[in-house]
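> File name protein.cif; file contents mmCIF, C-alpha atoms; full text below.
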```
data_upload
loop_
_atom_site.label_atom_id
_atom_site.label_comp_id
_atom_site.auth_asym_id
_atom_site.auth_seq_id
_atom_site.Cartn_x
_atom_site.Cartn_y
_atom_site.Cartn_z
CA MET A 1 99.40 109.90 107.13
CA LYS A 2 100.36 112.05 104.14
CA ARG A 3 103.24 113.52 106.10
CA ILE A 4 104.52 110.04 107.01
CA THR A 5 104.38 108.81 103.40
CA ALA A 6 106.01 112.03 102.20
CA ILE A 7 108.93 111.43 104.56
CA LEU A 8 109.10 107.67 104.00
CA PHE A 9 109.04 107.87 100.20
CA GLY A 10 110.59 111.32 99.87
CA ASP A 11 113.82 112.54 98.33
CA VAL A 12 115.85 111.79 101.47
CA VAL A 13 114.85 108.31 102.62
CA ARG A 14 114.36 106.81 99.15
CA PRO A 15 117.92 107.53 97.83
CA LEU A 16 119.38 106.13 101.07
CA VAL A 17 117.35 102.93 100.74
CA ILE A 18 118.29 102.55 97.06
CA THR A 19 121.98 103.06 97.84
CA ALA A 20 121.83 100.59 100.75
CA CYS A 21 120.09 98.02 98.52
CA VAL A 22 122.79 98.33 95.86
CA LEU A 23 125.55 98.00 98.47
CA VAL A 24 123.95 94.86 99.88
CA LEU A 25 123.76 93.44 96.36
CA GLY A 26 127.49 94.10 95.98
CA VAL A 27 128.18 92.26 99.25
CA GLU A 28 126.07 89.32 98.05
CA ALA A 29 128.00 89.22 94.77
CA ALA A 30 131.31 89.28 96.69
CA MET A 31 130.06 86.31 98.73
CA HIS A 32 129.24 84.44 95.48
CA ASN A 33 125.51 84.71 96.22
CA ALA A 34 125.87 82.74 99.45
CA ILE A 35 122.96 84.51 101.15
CA SER A 36 123.34 84.77 104.91
CA PRO A 37 120.28 85.15 107.21
CA LEU A 38 121.12 88.81 107.79
CA LEU A 39 121.32 89.56 104.07
CA TYR A 40 118.06 87.68 103.49
CA VAL A 41 116.34 89.80 106.13
CA LEU A 42 117.74 92.96 104.52
CA ASP A 43 116.56 91.79 101.12
CA THR A 44 113.10 91.21 102.54
CA LEU A 45 113.00 94.70 104.06
CA PHE A 46 114.17 96.31 100.83
CA VAL A 47 111.59 94.47 98.75
CA CYS A 48 108.81 95.36 101.21
CA TYR A 49 109.85 99.01 101.09
CA PHE A 50 109.92 99.08 97.29
CA ALA A 51 106.57 97.28 97.11
CA LEU A 52 104.98 99.81 99.46
CA GLU A 53 106.56 102.66 97.51
CA ILE A 54 105.27 101.44 94.15
CA ALA A 55 101.81 100.85 95.66
CA HIS A 56 101.80 104.41 97.05
CA ARG A 57 102.81 105.83 93.69
CA ALA A 58 100.13 103.75 91.96
CA ILE A 59 97.51 105.17 94.32
CA MET A 60 98.82 108.66 93.55
CA GLY A 61 98.17 107.94 89.85
CA GLU A 62 101.73 108.05 88.48
CA TRP A 63 100.96 105.17 86.08
CA LYS A 64 98.54 107.40 84.15
CA SER A 65 100.42 110.68 84.54
CA THR A 66 100.58 113.12 81.64
CA SER A 67 104.33 113.42 82.21
CA ASN A 68 106.17 110.84 80.10
CA GLU A 69 109.17 111.00 82.43
CA LEU A 70 107.07 110.28 85.52
CA LYS A 71 105.23 107.48 83.76
CA PHE A 72 108.51 105.92 82.53
CA TRP A 73 110.04 105.83 86.01
CA PHE A 74 106.85 104.34 87.47
CA TRP A 75 106.80 101.39 85.07
CA PHE A 76 110.57 101.00 85.37
CA ASP A 77 110.32 100.76 89.17
CA ALA A 78 107.27 98.48 88.91
CA PHE A 79 109.21 96.03 86.71
CA VAL A 80 112.20 96.04 89.07
CA THR A 81 109.97 95.59 92.13
CA ILE A 82 108.04 92.67 90.62
CA SER A 83 111.34 91.00 89.69
CA CYS A 84 112.62 91.46 93.24
CA VAL A 85 109.43 89.96 94.69
CA VAL A 86 109.66 86.94 92.39
CA ALA A 87 113.36 86.44 93.19
CA LEU A 88 112.82 86.76 96.94
CA PHE A 89 109.65 84.81 97.60
CA ILE A 90 110.08 82.02 95.04
CA PRO A 91 113.48 80.55 95.99
CA PHE A 92 112.42 77.06 94.92
CA ILE A 93 112.44 78.02 91.25
CA GLU A 94 113.98 75.27 89.11
CA HIS A 95 116.16 77.58 87.03
CA PRO A 96 118.85 79.16 89.28
CA SER A 97 120.17 81.26 86.39
CA LEU A 98 116.74 82.90 86.04
CA LEU A 99 116.60 83.42 89.80
CA ALA A 100 120.04 85.07 89.78
CA ALA A 101 118.99 87.28 86.86
CA LEU A 102 115.89 88.42 88.70
CA ARG A 103 117.97 89.23 91.78
CA ILE A 104 120.51 91.17 89.73
CA VAL A 105 117.67 93.32 88.32
CA ARG A 106 117.75 95.19 91.66
CA ILE A 107 120.98 96.89 90.60
CA PHE A 108 118.96 98.92 88.10
CA ARG A 109 117.29 100.70 91.03
CA LEU A 110 120.45 102.77 91.16
CA PHE A 111 119.34 104.55 87.98
CA ARG A 112 116.32 105.83 89.95
CA ILE A 113 118.66 108.37 91.57
CA PHE A 114 118.72 110.18 88.22
CA SER A 115 115.14 111.32 88.77
CA ILE A 116 115.56 112.27 92.44
CA PHE A 117 118.41 114.75 92.72
CA PRO A 118 117.83 118.02 90.81
CA GLY A 119 121.41 118.29 89.50
CA ILE A 120 121.49 114.73 88.16
CA ARG A 121 117.92 115.10 86.91
CA SER A 122 118.93 118.02 84.68
CA ILE A 123 121.68 115.85 83.16
CA GLU A 124 119.18 113.03 82.67
CA GLN A 125 116.77 115.35 80.87
CA LYS A 126 119.53 116.53 78.52
CA ILE A 127 120.49 112.92 77.79
CA LEU A 128 116.86 111.95 77.13
CA GLY A 129 116.48 115.03 74.94
CA ALA A 130 119.33 113.84 72.74
CA MET A 131 118.22 110.18 72.80
CA GLU A 132 116.61 110.46 69.36
CA THR A 133 119.95 111.44 67.85
CA VAL A 134 121.69 108.60 69.67
CA VAL A 135 119.18 106.05 68.33
CA LEU A 136 119.46 107.37 64.76
CA PHE A 137 123.25 107.28 64.77
CA GLY A 138 123.18 103.85 66.41
CA PHE A 139 120.95 102.60 63.59
CA PHE A 140 123.28 104.23 61.06
CA SER A 141 126.28 102.49 62.65
CA VAL A 142 124.50 99.12 62.54
CA LEU A 143 123.82 99.65 58.83
CA ILE A 144 127.50 100.35 58.17
CA ILE A 145 128.53 97.25 60.16
CA TYR A 146 125.97 95.15 58.28
CA VAL A 147 127.13 96.34 54.85
CA TYR A 148 130.81 95.76 55.58
CA ALA A 149 130.06 92.39 57.19
CA VAL A 150 128.34 91.21 54.00
CA ILE A 151 131.17 92.60 51.86
CA GLY A 152 133.76 90.95 54.12
CA MET A 153 132.06 87.53 53.93
CA ASN A 154 132.14 87.61 50.14
CA LEU A 155 135.55 89.25 49.93
CA PHE A 156 137.32 86.79 52.27
CA GLU A 157 135.27 83.77 51.14
CA PHE A 158 133.57 83.01 54.47
CA SER A 159 136.86 82.25 56.22
CA ARG A 160 138.35 83.02 59.62
CA ILE A 161 141.45 85.20 59.63
CA GLY A 162 142.98 85.73 63.05
CA ASN A 163 140.41 87.52 65.20
CA MET A 164 138.26 88.35 62.18
CA ASN A 165 135.53 85.77 61.59
CA PHE A 166 133.62 85.95 58.30
CA GLU A 167 132.10 82.46 58.45
CA ASN A 168 128.53 83.77 58.96
CA LEU A 169 126.69 87.08 59.16
CA TYR A 170 126.45 87.24 62.95
CA GLU A 171 130.15 86.51 63.53
CA ALA A 172 131.09 88.95 60.78
CA MET A 173 129.03 91.74 62.36
CA VAL A 174 130.53 90.98 65.78
CA SER A 175 134.01 91.13 64.26
CA MET A 176 133.28 94.49 62.65
CA PHE A 177 131.91 95.86 65.91
CA VAL A 178 135.01 94.66 67.79
CA LEU A 179 137.08 96.27 65.05
CA ILE A 180 135.53 99.63 65.94
CA THR A 181 136.11 99.34 69.67
CA ASN A 182 139.44 97.50 69.61
CA ASP A 183 142.84 98.10 68.04
CA TRP A 184 142.02 97.68 64.35
CA ALA A 185 145.65 97.88 63.22
CA ASP A 186 146.42 94.34 64.49
CA ALA A 187 143.46 92.87 62.62
CA TRP A 188 144.46 94.75 59.48
CA ARG A 189 148.08 93.51 59.61
CA THR A 190 146.99 89.95 60.39
CA THR A 191 144.59 89.92 57.45
CA ARG A 192 147.25 91.22 55.07
CA GLN A 193 149.69 88.51 56.20
CA GLN A 194 147.37 85.50 56.51
CA TYR A 195 145.18 86.11 53.47
CA PRO A 196 147.50 86.68 50.50
CA VAL A 197 144.74 85.76 48.02
CA LEU A 198 143.64 89.38 47.76
CA PRO A 199 145.95 92.23 46.82
CA THR A 200 147.08 94.26 49.81
CA MET A 201 145.51 97.35 48.24
CA VAL A 202 142.07 95.71 48.36
CA VAL A 203 142.52 94.71 52.01
CA ASP A 204 143.73 98.21 52.85
CA LEU A 205 140.77 99.80 51.06
CA TYR A 206 138.33 97.54 52.92
CA PHE A 207 139.72 98.25 56.39
CA PHE A 208 140.53 101.94 55.89
CA SER A 209 137.16 102.74 54.33
CA PHE A 210 135.36 100.95 57.17
CA ILE A 211 137.34 102.79 59.85
CA GLY A 212 136.81 106.05 57.99
CA PHE A 213 133.04 105.66 57.71
CA ALA A 214 132.29 103.86 60.98
CA VAL A 215 134.69 105.66 63.31
CA ILE A 216 136.10 108.92 62.00
CA PHE A 217 133.19 110.27 59.96
CA THR A 218 130.28 108.89 62.02
CA LEU A 219 131.84 109.71 65.39
CA ASN A 220 132.74 113.28 64.43
CA VAL A 221 129.30 113.94 62.95
CA PHE A 222 127.67 112.41 66.03
CA ILE A 223 129.72 114.62 68.38
CA ALA A 224 128.93 117.69 66.27
CA VAL A 225 125.18 116.98 66.27
CA MET A 226 125.14 116.19 69.99
CA THR A 227 127.06 119.37 70.80
CA SER A 228 124.70 121.40 68.64
CA GLN A 229 121.61 119.89 70.27
CA ILE A 230 122.92 120.46 73.79
CA GLU A 231 123.85 124.03 72.88
CA GLN A 232 120.39 124.63 71.44
CA ARG A 233 118.82 123.15 74.55
CA PHE A 234 120.89 125.41 76.79
CA SER A 235 120.11 128.46 74.67
CA SER A 236 116.38 127.66 74.61
CA GLU A 237 116.34 127.25 78.39
CA PHE A 238 118.28 130.49 78.78
CA ASN A 239 115.93 132.35 76.42
CA LYS A 240 112.93 130.95 78.29
CA ARG A 241 114.35 132.16 81.59
CA VAL A 242 115.06 135.58 80.08
CA GLN A 243 111.48 135.79 78.77
CA ASN A 244 110.10 134.82 82.18
CA PHE A 245 112.35 137.42 83.80
CA GLU A 246 111.17 140.09 81.36
CA GLN A 247 107.56 139.14 82.00
CA ASP A 248 108.15 139.48 85.73
CA ILE A 249 109.69 142.89 85.20
CA ASP A 250 106.73 143.99 83.04
CA SER A 251 104.27 142.79 85.68
CA ILE A 252 106.20 144.66 88.37
CA ARG A 253 106.15 147.81 86.25
CA GLU A 254 102.40 147.46 85.70
CA GLU A 255 101.87 147.06 89.42
CA GLU A 256 104.10 150.07 90.00
CA GLN A 257 102.08 152.15 87.55
CA LYS A 258 98.85 151.10 89.25
CA ASP A 259 100.31 152.04 92.62
CA ASN A 260 101.39 155.43 91.25
CA VAL A 261 97.87 156.05 89.98
CA LYS A 262 96.47 155.13 93.39
CA ILE A 263 99.00 157.39 95.12
CA GLU A 264 98.11 160.29 92.84
CA ALA A 265 94.41 159.72 93.51
CA LEU A 266 95.04 159.66 97.27
CA ALA A 267 97.16 162.80 97.04
CA LYS A 268 94.38 164.54 95.12
CA GLU A 269 91.85 163.52 97.76
CA MET A 270 94.16 164.82 100.47
CA ARG A 271 94.47 168.16 98.71
CA GLU A 272 90.69 168.39 98.35
CA ILE A 273 90.25 167.57 102.03
CA LYS A 274 92.78 170.24 102.96
CA GLU A 275 90.95 172.81 100.82
CA ILE A 276 87.65 171.94 102.46
CA LEU A 277 89.21 172.28 105.90
CA LYS A 278 90.73 175.66 105.01
CA ASN A 279 87.43 176.96 103.68
CA GLY A 280 85.67 175.74 106.79
CA ASN A 281 88.17 177.56 109.04
CA ARG A 282 87.78 180.77 107.11
CA LYS A 283 83.99 180.75 107.42
CA SER A 284 84.23 180.10 111.12
#
```
Would you give me this structure, written as structure tokens?


Amino acid sequence: MKRITAILFGDVVRPLVITACVLVLGVEAAMHNAISPLLYVLDTLFVCYFALEIAHRAIMGEWKSTSNELKFWFWFDAFVTISCVVALFIPFIEHPSLLAALRIVRIFRLFRIFSIFPGIRSIEQKILGAMETVVLFGFFSVLIIYVYAVIGMNLFEFSRIGNMNFENLYEAMVSMFVLITNDWADAWRTTRQQYPVLPTMVVDLYFFSFIGFAVIFTLNVFIAVMTSQIEQRFSSEFNKRVQNFEQDIDSIREEEQKDNVKIEALAKEMREIKEILKNGNRKS
């Protein structure tokens, strides 16, 4: 039984099932969610497989594992599986948008491959190791967007200028975020032309300072910190491997010394035996 479950939920069958499930979801999306009987049967098989898998892992105790990574993937898969069960076996739900959302949750099973293949898993561990830095810089970026959104609302008198909307805080923050990811030069030129109330120097200072802080400075510092963390992680892993290698060498040398002592003791016993035999021959 253990051998069957190891094969059925192992690192060969499970990635194939996950990939097939994601491909079927893509076919369903291409058909505008017009589920055919064949696709419904495949969905049922996929959900049954994932339900059995999560039950097996629950029996194995992954939900209370000391490994945070193992525990995270267990609860992640449990959430996706429960959503799939609800979407599959409750088709009479009165909110089709909720039903579609629950069905789409299956696409997140693709991220499970990160924890299966060793090469991708190493990348995942490096990303998770730098996640604290990502969260901190994300929070810092939100603060900058918030500050400039408030300044922009008061500076441009809660008005809408082209694509820039300063009518309320939410729209202002969305506009500042779009300004980071989009071509900011068009918004800057449009604001200079359509809002002549302010001097162009004030408008330039507002936009240039925001781009400088939010994009140039923050992005470069973020890349520098991320590069430094990844380098430190690589160097720590390399040093750990070197230490393990040196420990192996020391243990081999100790075993070699013990073997040499045993060999010398055996050689001494052989010499003593030879001396006894020689003395015995002489007396005879």

> Please indicate the distance in Å from CA of Tyr195 in chain A to CA of Ile161 in chain A, rounded to one decimal place.

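Interatomic distance, CA of Tyr195 in chain A to CA of Ile161 in chain A: 7.3 Å.
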
> Check the smallest atom-to-atom distance from each of A:Val47, A:Ala58, A:Ala20, A:Ile4 to Thr81 in chain A using only C-alpha atoms, then report the winner.

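Among the listed residues, A:Val47 lies closest to Thr81 in chain A.
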
> Exactly which residues make up the result of the PyMOL selection byres ((chain A and resi 167-173) around 12) on this file, given as a PyMOL selection string?

chain A and resi 141-161+163-166+174-180

> Starting from the displayed file, determine the output of the PyMOL selection byres ((chain A and resi 78) around 10) and express the residue list as a list in words.

Phe50, Ala51, Glu53, Ile54, Ala55, Arg57, Ala58, Trp63, Phe72, Trp73, Phe74, Trp75, Phe76, Asp77, Phe79, Val80, Thr81, Ile82, Ser83 and Cys84 of chain A

> For CA of Pro196 in chain A and CA of Phe213 in chain A, determine how far apart the two atoms are, in Å to one decimal place.

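The value is 24.9 Å.
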
> Go through A:Leu8, A:Ile107, A:Val135, A:Cys48 one by one, measure the shortest atom-to-atom distance of each to Val24 in chain A using only C-alpha atoms, and give the residue with the smallest value.

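Residue with the minimum atom-to-atom distance to Val24 in chain A: A:Ile107.
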
> Could you tell me which residues the PyMOL selection byres ((chain A and resi 189) around 12) returns for this structure, as a list in words?

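Residues picked by the PyMOL selection byres ((chain A and resi 189) around 12): Ile161, Gly162, Asn163, Met164, Asp183, Trp184, Ala185, Asp186, Ala187, Trp188, Thr190, Thr191, Arg192, Gln193, Gln194, Tyr195, Pro196, Thr200, Val203, Asp204, Phe207 and Phe208 of chain A.
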
> For CA of Ala214 in chain A and CA of Phe140 in chain A, quote the distance in Å rounded to one decimal.

9.0 Å
